[in-house]
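The structure file work.txt is reproduced below (compact mmCIF, N, CA and C atoms).
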# COMPACT_ATOMS: atom_id res chain seq x y z
N MET A 1 -19.99 -27.38 -14.36
CA MET A 1 -19.07 -26.53 -15.10
C MET A 1 -17.80 -26.29 -14.31
N SER A 2 -17.85 -26.49 -13.00
CA SER A 2 -16.68 -26.21 -12.19
C SER A 2 -15.55 -27.20 -12.47
N SER A 3 -15.85 -28.34 -13.08
CA SER A 3 -14.81 -29.32 -13.39
C SER A 3 -13.97 -28.91 -14.60
N LYS A 4 -14.43 -27.92 -15.37
CA LYS A 4 -13.68 -27.47 -16.54
C LYS A 4 -12.53 -26.59 -16.10
N THR A 5 -11.42 -26.70 -16.80
CA THR A 5 -10.30 -25.81 -16.52
C THR A 5 -10.34 -24.68 -17.53
N PHE A 6 -10.21 -23.45 -17.06
CA PHE A 6 -10.24 -22.30 -17.93
C PHE A 6 -8.88 -22.12 -18.57
N THR A 7 -8.86 -22.03 -19.87
CA THR A 7 -7.60 -21.98 -20.60
C THR A 7 -7.37 -20.65 -21.28
N VAL A 8 -8.39 -19.86 -21.49
CA VAL A 8 -8.23 -18.62 -22.24
C VAL A 8 -9.18 -17.57 -21.67
N THR A 9 -8.74 -16.31 -21.69
CA THR A 9 -9.58 -15.19 -21.27
C THR A 9 -9.93 -14.38 -22.50
N MET A 10 -11.21 -14.18 -22.74
CA MET A 10 -11.66 -13.35 -23.85
C MET A 10 -11.96 -11.96 -23.29
N THR A 11 -11.31 -10.95 -23.85
CA THR A 11 -11.58 -9.56 -23.49
C THR A 11 -12.33 -8.94 -24.65
N TYR A 12 -13.45 -8.27 -24.34
CA TYR A 12 -14.26 -7.70 -25.42
C TYR A 12 -14.63 -6.26 -25.08
N THR A 13 -14.94 -5.51 -26.12
CA THR A 13 -15.41 -4.14 -25.99
C THR A 13 -16.76 -4.04 -26.69
N LEU A 14 -17.76 -3.55 -25.98
CA LEU A 14 -19.08 -3.37 -26.57
C LEU A 14 -19.10 -2.10 -27.41
N ASN A 15 -20.10 -1.97 -28.27
CA ASN A 15 -20.24 -0.77 -29.10
C ASN A 15 -20.36 0.49 -28.24
N SER A 16 -20.87 0.35 -27.03
CA SER A 16 -21.04 1.49 -26.13
C SER A 16 -19.71 1.92 -25.51
N GLY A 17 -18.65 1.11 -25.66
CA GLY A 17 -17.36 1.44 -25.10
C GLY A 17 -17.05 0.68 -23.82
N MET A 18 -18.03 -0.01 -23.26
CA MET A 18 -17.81 -0.78 -22.04
C MET A 18 -16.96 -2.01 -22.36
N LYS A 19 -16.04 -2.31 -21.45
CA LYS A 19 -15.17 -3.47 -21.63
C LYS A 19 -15.56 -4.56 -20.65
N GLY A 20 -15.30 -5.79 -21.04
CA GLY A 20 -15.58 -6.92 -20.18
C GLY A 20 -14.65 -8.06 -20.52
N ASN A 21 -14.66 -9.08 -19.67
CA ASN A 21 -13.87 -10.27 -19.99
C ASN A 21 -14.63 -11.49 -19.52
N MET A 22 -14.28 -12.61 -20.13
CA MET A 22 -14.96 -13.86 -19.86
C MET A 22 -13.93 -14.98 -19.97
N LYS A 23 -13.93 -15.87 -19.00
CA LYS A 23 -13.02 -17.01 -19.04
C LYS A 23 -13.70 -18.14 -19.78
N LEU A 24 -12.97 -18.72 -20.76
CA LEU A 24 -13.55 -19.74 -21.62
C LEU A 24 -12.63 -20.94 -21.74
N THR A 25 -13.22 -22.09 -21.95
CA THR A 25 -12.45 -23.27 -22.31
C THR A 25 -12.25 -23.25 -23.82
N LYS A 26 -11.49 -24.19 -24.31
CA LYS A 26 -11.24 -24.26 -25.75
C LYS A 26 -12.56 -24.48 -26.51
N GLN A 27 -13.42 -25.34 -26.00
CA GLN A 27 -14.70 -25.61 -26.66
C GLN A 27 -15.61 -24.37 -26.64
N GLN A 28 -15.62 -23.66 -25.51
CA GLN A 28 -16.43 -22.45 -25.42
C GLN A 28 -15.90 -21.37 -26.35
N LYS A 29 -14.57 -21.31 -26.50
CA LYS A 29 -13.98 -20.33 -27.41
C LYS A 29 -14.43 -20.59 -28.84
N LEU A 30 -14.41 -21.85 -29.23
CA LEU A 30 -14.87 -22.21 -30.58
C LEU A 30 -16.36 -21.91 -30.74
N ALA A 31 -17.15 -22.16 -29.69
CA ALA A 31 -18.58 -21.84 -29.74
C ALA A 31 -18.79 -20.34 -29.88
N TRP A 32 -17.99 -19.53 -29.17
CA TRP A 32 -18.10 -18.07 -29.28
C TRP A 32 -17.80 -17.62 -30.71
N LEU A 33 -16.73 -18.15 -31.30
CA LEU A 33 -16.37 -17.76 -32.67
C LEU A 33 -17.49 -18.10 -33.65
N GLU A 34 -18.12 -19.26 -33.46
CA GLU A 34 -19.24 -19.63 -34.32
C GLU A 34 -20.43 -18.69 -34.11
N CYS A 35 -20.73 -18.36 -32.86
CA CYS A 35 -21.83 -17.41 -32.57
C CYS A 35 -21.51 -16.04 -33.16
N TYR A 36 -20.26 -15.62 -33.10
CA TYR A 36 -19.87 -14.33 -33.64
C TYR A 36 -20.05 -14.30 -35.15
N ARG A 37 -19.64 -15.38 -35.81
CA ARG A 37 -19.77 -15.44 -37.28
C ARG A 37 -21.23 -15.46 -37.72
N SER A 38 -22.09 -16.15 -36.94
CA SER A 38 -23.49 -16.29 -37.33
C SER A 38 -24.39 -15.25 -36.67
N SER A 39 -23.82 -14.35 -35.86
CA SER A 39 -24.57 -13.30 -35.15
C SER A 39 -25.69 -13.87 -34.29
N THR A 40 -25.39 -14.95 -33.58
CA THR A 40 -26.35 -15.50 -32.63
C THR A 40 -25.83 -15.29 -31.21
N VAL A 41 -26.74 -15.18 -30.27
CA VAL A 41 -26.36 -14.90 -28.89
C VAL A 41 -25.56 -16.06 -28.30
N PHE A 42 -24.47 -15.74 -27.62
CA PHE A 42 -23.60 -16.72 -26.98
C PHE A 42 -23.98 -16.80 -25.51
N VAL A 43 -24.28 -17.99 -25.03
CA VAL A 43 -24.63 -18.21 -23.63
C VAL A 43 -23.56 -19.08 -23.00
N ASN A 44 -23.04 -18.63 -21.86
CA ASN A 44 -21.98 -19.33 -21.15
C ASN A 44 -22.36 -19.42 -19.68
N SER A 45 -22.10 -20.54 -19.05
CA SER A 45 -22.39 -20.66 -17.62
C SER A 45 -21.11 -20.98 -16.87
N GLU A 46 -20.91 -20.27 -15.77
CA GLU A 46 -19.78 -20.51 -14.88
C GLU A 46 -20.37 -20.80 -13.51
N GLY A 47 -20.47 -22.07 -13.15
CA GLY A 47 -21.10 -22.45 -11.90
C GLY A 47 -22.58 -22.13 -11.96
N GLU A 48 -23.05 -21.32 -11.02
CA GLU A 48 -24.46 -20.91 -11.01
C GLU A 48 -24.71 -19.66 -11.83
N LEU A 49 -23.64 -19.00 -12.27
CA LEU A 49 -23.74 -17.77 -13.04
C LEU A 49 -23.91 -18.08 -14.52
N ILE A 50 -24.94 -17.52 -15.13
CA ILE A 50 -25.19 -17.69 -16.57
C ILE A 50 -24.96 -16.34 -17.24
N LEU A 51 -24.08 -16.32 -18.21
CA LEU A 51 -23.73 -15.10 -18.93
C LEU A 51 -24.17 -15.20 -20.37
N GLY A 52 -24.73 -14.12 -20.91
CA GLY A 52 -25.10 -14.06 -22.31
C GLY A 52 -24.41 -12.88 -22.96
N LEU A 53 -23.98 -13.05 -24.20
CA LEU A 53 -23.29 -11.98 -24.91
C LEU A 53 -23.79 -11.95 -26.35
N ASN A 54 -24.32 -10.80 -26.75
CA ASN A 54 -24.84 -10.63 -28.11
C ASN A 54 -23.71 -10.13 -29.01
N PRO A 55 -23.30 -10.92 -30.01
CA PRO A 55 -22.18 -10.51 -30.88
C PRO A 55 -22.46 -9.24 -31.66
N ARG A 56 -23.73 -8.90 -31.87
CA ARG A 56 -24.05 -7.68 -32.60
C ARG A 56 -23.66 -6.44 -31.81
N LEU A 57 -23.53 -6.58 -30.49
CA LEU A 57 -23.18 -5.45 -29.64
C LEU A 57 -21.68 -5.39 -29.33
N VAL A 58 -20.91 -6.35 -29.85
CA VAL A 58 -19.48 -6.41 -29.58
C VAL A 58 -18.72 -5.71 -30.71
N ALA A 59 -17.94 -4.68 -30.34
CA ALA A 59 -17.15 -3.96 -31.33
C ALA A 59 -15.87 -4.72 -31.67
N ASP A 60 -15.19 -5.26 -30.64
CA ASP A 60 -14.00 -6.07 -30.89
C ASP A 60 -13.77 -7.00 -29.70
N PHE A 61 -12.95 -8.00 -29.94
CA PHE A 61 -12.61 -8.94 -28.88
C PHE A 61 -11.23 -9.52 -29.16
N SER A 62 -10.61 -10.04 -28.11
CA SER A 62 -9.32 -10.69 -28.26
C SER A 62 -9.20 -11.79 -27.22
N PHE A 63 -8.31 -12.73 -27.49
CA PHE A 63 -8.07 -13.85 -26.59
C PHE A 63 -6.69 -13.71 -25.98
N GLU A 64 -6.59 -13.96 -24.68
CA GLU A 64 -5.31 -13.97 -24.00
C GLU A 64 -4.98 -15.40 -23.61
N ASN A 65 -3.71 -15.68 -23.39
CA ASN A 65 -3.22 -17.01 -23.01
C ASN A 65 -3.38 -18.01 -24.14
N ILE A 66 -3.29 -17.58 -25.39
CA ILE A 66 -3.43 -18.48 -26.52
C ILE A 66 -2.26 -19.46 -26.58
N GLU A 67 -1.07 -19.00 -26.20
CA GLU A 67 0.11 -19.86 -26.27
C GLU A 67 -0.05 -21.08 -25.36
N LYS A 68 -0.67 -20.89 -24.19
CA LYS A 68 -0.86 -22.00 -23.28
C LYS A 68 -1.89 -23.00 -23.81
N MET A 69 -2.81 -22.49 -24.62
CA MET A 69 -3.88 -23.33 -25.12
C MET A 69 -3.39 -24.25 -26.25
N SER A 70 -2.55 -23.73 -27.12
CA SER A 70 -2.04 -24.55 -28.22
C SER A 70 -0.59 -24.14 -28.48
N GLY A 71 0.27 -25.12 -28.56
CA GLY A 71 1.69 -24.84 -28.68
C GLY A 71 2.13 -24.48 -30.08
N ASP A 72 1.41 -24.91 -31.11
CA ASP A 72 1.91 -24.68 -32.47
C ASP A 72 1.58 -23.27 -32.94
N THR A 73 2.48 -22.69 -33.72
CA THR A 73 2.33 -21.31 -34.18
C THR A 73 1.24 -21.17 -35.22
N HIS A 74 0.87 -22.25 -35.90
CA HIS A 74 -0.19 -22.18 -36.90
C HIS A 74 -1.51 -21.76 -36.24
N GLN A 75 -1.81 -22.32 -35.08
CA GLN A 75 -3.03 -21.96 -34.36
C GLN A 75 -3.00 -20.49 -33.96
N ILE A 76 -1.83 -20.00 -33.52
CA ILE A 76 -1.73 -18.61 -33.10
C ILE A 76 -1.95 -17.68 -34.29
N GLU A 77 -1.39 -18.01 -35.46
CA GLU A 77 -1.61 -17.20 -36.65
C GLU A 77 -3.08 -17.22 -37.04
N LYS A 78 -3.73 -18.37 -36.91
CA LYS A 78 -5.15 -18.48 -37.24
C LYS A 78 -5.98 -17.58 -36.32
N GLN A 79 -5.62 -17.56 -35.02
CA GLN A 79 -6.34 -16.70 -34.08
C GLN A 79 -6.14 -15.23 -34.41
N SER A 80 -4.94 -14.86 -34.86
CA SER A 80 -4.68 -13.48 -35.25
C SER A 80 -5.55 -13.08 -36.43
N GLN A 81 -5.74 -14.00 -37.38
CA GLN A 81 -6.61 -13.73 -38.52
C GLN A 81 -8.05 -13.54 -38.07
N VAL A 82 -8.51 -14.35 -37.11
CA VAL A 82 -9.87 -14.20 -36.59
C VAL A 82 -10.03 -12.85 -35.92
N ARG A 83 -9.01 -12.41 -35.17
CA ARG A 83 -9.08 -11.12 -34.52
C ARG A 83 -9.16 -9.99 -35.55
N CYS A 84 -8.39 -10.10 -36.63
CA CYS A 84 -8.45 -9.09 -37.69
C CYS A 84 -9.84 -9.06 -38.31
N GLN A 85 -10.45 -10.22 -38.51
CA GLN A 85 -11.80 -10.25 -39.07
C GLN A 85 -12.78 -9.58 -38.11
N ALA A 86 -12.57 -9.73 -36.81
CA ALA A 86 -13.45 -9.10 -35.84
C ALA A 86 -13.33 -7.58 -35.94
N TYR A 87 -12.12 -7.06 -36.11
CA TYR A 87 -11.95 -5.63 -36.26
C TYR A 87 -12.58 -5.16 -37.57
N ASP A 88 -12.43 -5.94 -38.62
CA ASP A 88 -13.03 -5.56 -39.90
C ASP A 88 -14.55 -5.48 -39.80
N ARG A 89 -15.14 -6.39 -39.02
CA ARG A 89 -16.59 -6.39 -38.85
C ARG A 89 -17.07 -5.10 -38.20
N GLY A 90 -16.29 -4.55 -37.28
CA GLY A 90 -16.66 -3.31 -36.61
C GLY A 90 -16.25 -2.07 -37.37
N TYR A 91 -15.69 -2.25 -38.56
CA TYR A 91 -15.15 -1.13 -39.33
C TYR A 91 -16.22 -0.15 -39.79
N ASN A 92 -17.45 -0.58 -39.96
CA ASN A 92 -18.48 0.31 -40.49
C ASN A 92 -19.17 1.10 -39.39
N LYS A 93 -18.46 1.42 -38.33
CA LYS A 93 -19.00 2.22 -37.24
C LYS A 93 -18.33 3.58 -37.24
N GLU A 94 -19.09 4.59 -36.79
CA GLU A 94 -18.57 5.94 -36.69
C GLU A 94 -18.94 6.52 -35.34
N VAL A 95 -18.22 7.54 -34.96
CA VAL A 95 -18.48 8.21 -33.70
C VAL A 95 -19.39 9.41 -33.97
N TYR A 96 -20.38 9.58 -33.12
CA TYR A 96 -21.32 10.70 -33.22
C TYR A 96 -21.34 11.45 -31.90
N LYS A 97 -21.33 12.78 -31.96
CA LYS A 97 -21.52 13.59 -30.76
C LYS A 97 -22.97 14.05 -30.78
N ILE A 98 -23.71 13.60 -29.79
CA ILE A 98 -25.15 13.84 -29.74
C ILE A 98 -25.42 15.11 -28.93
N PHE A 99 -26.09 16.07 -29.55
CA PHE A 99 -26.60 17.26 -28.88
C PHE A 99 -28.12 17.22 -29.04
N CYS A 100 -28.85 17.12 -27.94
CA CYS A 100 -30.30 16.98 -28.02
C CYS A 100 -30.99 18.19 -27.40
N ARG A 101 -32.27 18.35 -27.74
CA ARG A 101 -33.08 19.43 -27.17
C ARG A 101 -33.27 19.27 -25.66
N CYS A 102 -33.21 18.03 -25.19
CA CYS A 102 -33.38 17.78 -23.74
C CYS A 102 -32.12 18.12 -22.96
N LYS A 103 -31.16 18.77 -23.61
CA LYS A 103 -29.88 19.20 -23.02
C LYS A 103 -28.90 18.06 -22.82
N ALA A 104 -29.19 16.89 -23.35
CA ALA A 104 -28.26 15.77 -23.25
C ALA A 104 -27.13 15.96 -24.26
N VAL A 105 -25.91 15.73 -23.80
CA VAL A 105 -24.74 15.77 -24.67
C VAL A 105 -23.91 14.54 -24.34
N TYR A 106 -23.71 13.68 -25.34
CA TYR A 106 -22.92 12.48 -25.13
C TYR A 106 -22.35 12.01 -26.46
N VAL A 107 -21.39 11.09 -26.37
CA VAL A 107 -20.73 10.54 -27.56
C VAL A 107 -21.16 9.09 -27.69
N ALA A 108 -21.48 8.67 -28.92
CA ALA A 108 -21.90 7.29 -29.17
C ALA A 108 -21.20 6.77 -30.42
N THR A 109 -20.86 5.48 -30.39
CA THR A 109 -20.31 4.81 -31.56
C THR A 109 -21.43 3.99 -32.17
N LEU A 110 -21.85 4.37 -33.36
CA LEU A 110 -22.99 3.75 -34.01
C LEU A 110 -22.65 3.39 -35.45
N SER A 111 -23.57 2.72 -36.10
CA SER A 111 -23.37 2.31 -37.49
C SER A 111 -23.20 3.52 -38.40
N ARG A 112 -22.33 3.38 -39.37
CA ARG A 112 -22.07 4.44 -40.32
C ARG A 112 -23.28 4.72 -41.22
N ASP A 113 -24.14 3.72 -41.41
CA ASP A 113 -25.25 3.83 -42.35
C ASP A 113 -26.48 4.52 -41.78
N LEU A 114 -26.44 4.99 -40.55
CA LEU A 114 -27.63 5.57 -39.93
C LEU A 114 -27.98 6.92 -40.56
N ASP A 115 -29.26 7.08 -40.86
CA ASP A 115 -29.76 8.37 -41.32
C ASP A 115 -30.46 9.11 -40.20
N MET A 116 -30.87 8.37 -39.16
CA MET A 116 -31.58 8.96 -38.04
C MET A 116 -31.14 8.26 -36.76
N ILE A 117 -30.95 9.05 -35.70
CA ILE A 117 -30.53 8.53 -34.41
C ILE A 117 -31.54 9.01 -33.39
N LYS A 118 -31.88 8.17 -32.42
CA LYS A 118 -32.78 8.59 -31.34
C LYS A 118 -31.96 8.86 -30.09
N CYS A 119 -32.28 9.96 -29.42
CA CYS A 119 -31.63 10.30 -28.16
C CYS A 119 -31.93 9.20 -27.15
N LYS A 120 -30.91 8.76 -26.43
CA LYS A 120 -31.11 7.64 -25.50
C LYS A 120 -31.86 8.07 -24.25
N TYR A 121 -32.06 9.38 -24.05
CA TYR A 121 -32.77 9.86 -22.86
C TYR A 121 -34.23 10.21 -23.15
N CYS A 122 -34.48 10.92 -24.25
CA CYS A 122 -35.86 11.38 -24.51
C CYS A 122 -36.44 10.82 -25.80
N GLN A 123 -35.68 10.03 -26.55
CA GLN A 123 -36.12 9.39 -27.79
C GLN A 123 -36.45 10.39 -28.91
N THR A 124 -35.94 11.62 -28.83
CA THR A 124 -36.10 12.59 -29.91
C THR A 124 -35.29 12.14 -31.12
N GLU A 125 -35.87 12.29 -32.30
CA GLU A 125 -35.16 11.92 -33.52
C GLU A 125 -34.11 12.97 -33.86
N LEU A 126 -32.89 12.53 -34.08
CA LEU A 126 -31.77 13.40 -34.44
C LEU A 126 -31.14 12.88 -35.72
N PHE A 127 -30.47 13.77 -36.43
CA PHE A 127 -29.90 13.40 -37.72
C PHE A 127 -28.42 13.80 -37.76
N PRO A 128 -27.57 12.92 -38.29
CA PRO A 128 -26.16 13.28 -38.43
C PRO A 128 -26.02 14.42 -39.44
N ASP A 129 -25.31 15.47 -39.06
CA ASP A 129 -25.12 16.62 -39.93
C ASP A 129 -23.78 16.45 -40.63
N ARG A 130 -23.81 15.81 -41.79
CA ARG A 130 -22.59 15.51 -42.51
C ARG A 130 -22.07 16.70 -43.33
N GLU A 131 -22.84 17.79 -43.39
CA GLU A 131 -22.37 18.99 -44.09
C GLU A 131 -21.38 19.77 -43.23
N ARG A 132 -21.48 19.64 -41.91
CA ARG A 132 -20.56 20.30 -41.00
C ARG A 132 -19.30 19.45 -40.85
N SER A 133 -18.25 20.08 -40.42
CA SER A 133 -17.03 19.32 -40.21
C SER A 133 -17.12 18.54 -38.89
N LYS A 134 -16.28 17.52 -38.77
CA LYS A 134 -16.28 16.70 -37.57
C LYS A 134 -15.65 17.47 -36.41
N VAL A 135 -16.04 17.08 -35.18
CA VAL A 135 -15.48 17.68 -33.98
C VAL A 135 -14.63 16.64 -33.26
N GLN A 136 -13.68 17.10 -32.46
CA GLN A 136 -12.80 16.20 -31.73
C GLN A 136 -13.46 15.77 -30.42
N THR A 137 -13.43 14.46 -30.12
CA THR A 137 -13.94 13.92 -28.86
C THR A 137 -12.87 13.00 -28.27
N ILE A 138 -13.16 12.44 -27.10
CA ILE A 138 -12.19 11.53 -26.50
C ILE A 138 -12.08 10.23 -27.29
N TYR A 139 -13.07 9.94 -28.15
CA TYR A 139 -13.06 8.73 -28.98
C TYR A 139 -12.58 9.01 -30.39
N GLY A 140 -12.07 10.20 -30.65
CA GLY A 140 -11.64 10.56 -31.99
C GLY A 140 -12.60 11.56 -32.60
N GLU A 141 -12.50 11.75 -33.90
CA GLU A 141 -13.37 12.71 -34.58
C GLU A 141 -14.79 12.15 -34.69
N ALA A 142 -15.77 13.05 -34.53
CA ALA A 142 -17.18 12.62 -34.50
C ALA A 142 -18.04 13.55 -35.31
N TRP A 143 -19.10 13.01 -35.90
CA TRP A 143 -20.11 13.80 -36.56
C TRP A 143 -21.03 14.43 -35.50
N ILE A 144 -21.51 15.62 -35.77
CA ILE A 144 -22.46 16.28 -34.88
C ILE A 144 -23.86 15.94 -35.35
N THR A 145 -24.80 15.81 -34.42
CA THR A 145 -26.19 15.56 -34.79
C THR A 145 -27.00 16.82 -34.62
N SER A 146 -28.08 16.91 -35.40
CA SER A 146 -29.00 18.04 -35.29
C SER A 146 -30.43 17.50 -35.35
N SER A 147 -31.38 18.35 -35.01
CA SER A 147 -32.78 17.89 -34.99
C SER A 147 -33.46 18.16 -36.33
N GLN A 148 -32.70 18.57 -37.34
CA GLN A 148 -33.33 18.90 -38.62
C GLN A 148 -32.79 18.03 -39.73
Once you've parsed the file, please lay out its structure as structure tokens.
Amino acid sequence: MSSKTFTVTMTYTLNSGMKGNMKLTKQQKLAWLECYRSSTVFVNSEGELILGLNPRLVADFSFENIEKMSGDTHQIEKQSQVRCQAYDRGYNKEVYKIFCRCKAVYVATLSRDLDMIKCKYCQTELFPDRERSKVQTIYGEAWITSSQ
């Protein structure tokens, strides 16, 4: 793999808010896009390092150095459309402020369709309280959870 020249850097954000980046060749970039569309795990190796990325856990991603990879503007417009589709895919997520009986308080970005959430520390079942108004967090407005 060391003989490949890296042409593009993919920067991604996981649903948990963690950011990462990965250097990809043009072929690996196309493989990532296919894995993202089909929701299959993407495996990439850089020398002895093997990296895996689950597209279901990726909230958004973008490519840098696209101009160096392809000179024509049609390719760049196509990549912009792919990026917009990636943001649209993450559109059905909402922010929740978790208050648990175990005294844990944290913010999580989860699917909008959830009726029940488990505390990541004690696994207590919590429910989004949509009757209350949203509260402000560092990630924007969030629903509060309750144990009832």
Q: Fewer than 6 positions away in the same chain doesn't count, so skip those; otherwise give me all residues within 6 Å of region 52-64 of chain A, counting only C-alpha atoms, as a count of residues only.
A: 16
Q. So how many Å separate atom C of Ser16 (chain A) and atom C of Glu48 (chain A), to one decimal?
A.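 Distance between the two atoms: 26.0 Å.
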Q | Non-local contacts of Tyr121 (chain A) (8 Å; only N, CA and C atoms; under 3 positions in same chain excluded) as a PyMOL selection string | A | chain A and resi 102+104+118+124
Q | Straight-line distance linking atom C of Leu114 (chain A) with atom C of Phe127 (chain A), stated in Å to one decimal | A |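 Atom C of Phe127 (chain A) lies 7.4 Å from atom C of Leu114 (chain A).
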Q. In Å, how far is it from CA of Ile144 (chain A) to atom C of Ser111 (chain A)?
A. 13.3 Å
Tell me, as an mmCIF file with N, CA and C atoms, keeping the file's coordinate frame, which residues lie within 8 Å of region 137-140 of chain A, counting only N, CA and C atoms; anything in the same chain fewer than 4 positions away does not count.
data_model
loop_
_atom_site.group_PDB
_atom_site.id
_atom_site.type_symbol
_atom_site.label_atom_id
_atom_site.label_comp_id
_atom_site.auth_asym_id
_atom_site.auth_seq_id
_atom_site.Cartn_x
_atom_site.Cartn_y
_atom_site.Cartn_z
ATOM 1 N N VAL A 95 -18.220 7.540 -34.960
ATOM 2 C CA VAL A 95 -18.480 8.210 -33.700
ATOM 3 C C VAL A 95 -19.390 9.410 -33.970
ATOM 4 N N LYS A 97 -21.330 12.780 -31.960
ATOM 5 C CA LYS A 97 -21.520 13.590 -30.760
ATOM 6 C C LYS A 97 -22.970 14.050 -30.780
ATOM 7 N N VAL A 107 -21.390 11.090 -26.370
ATOM 8 C CA VAL A 107 -20.730 10.540 -27.560
ATOM 9 C C VAL A 107 -21.160 9.090 -27.690
#
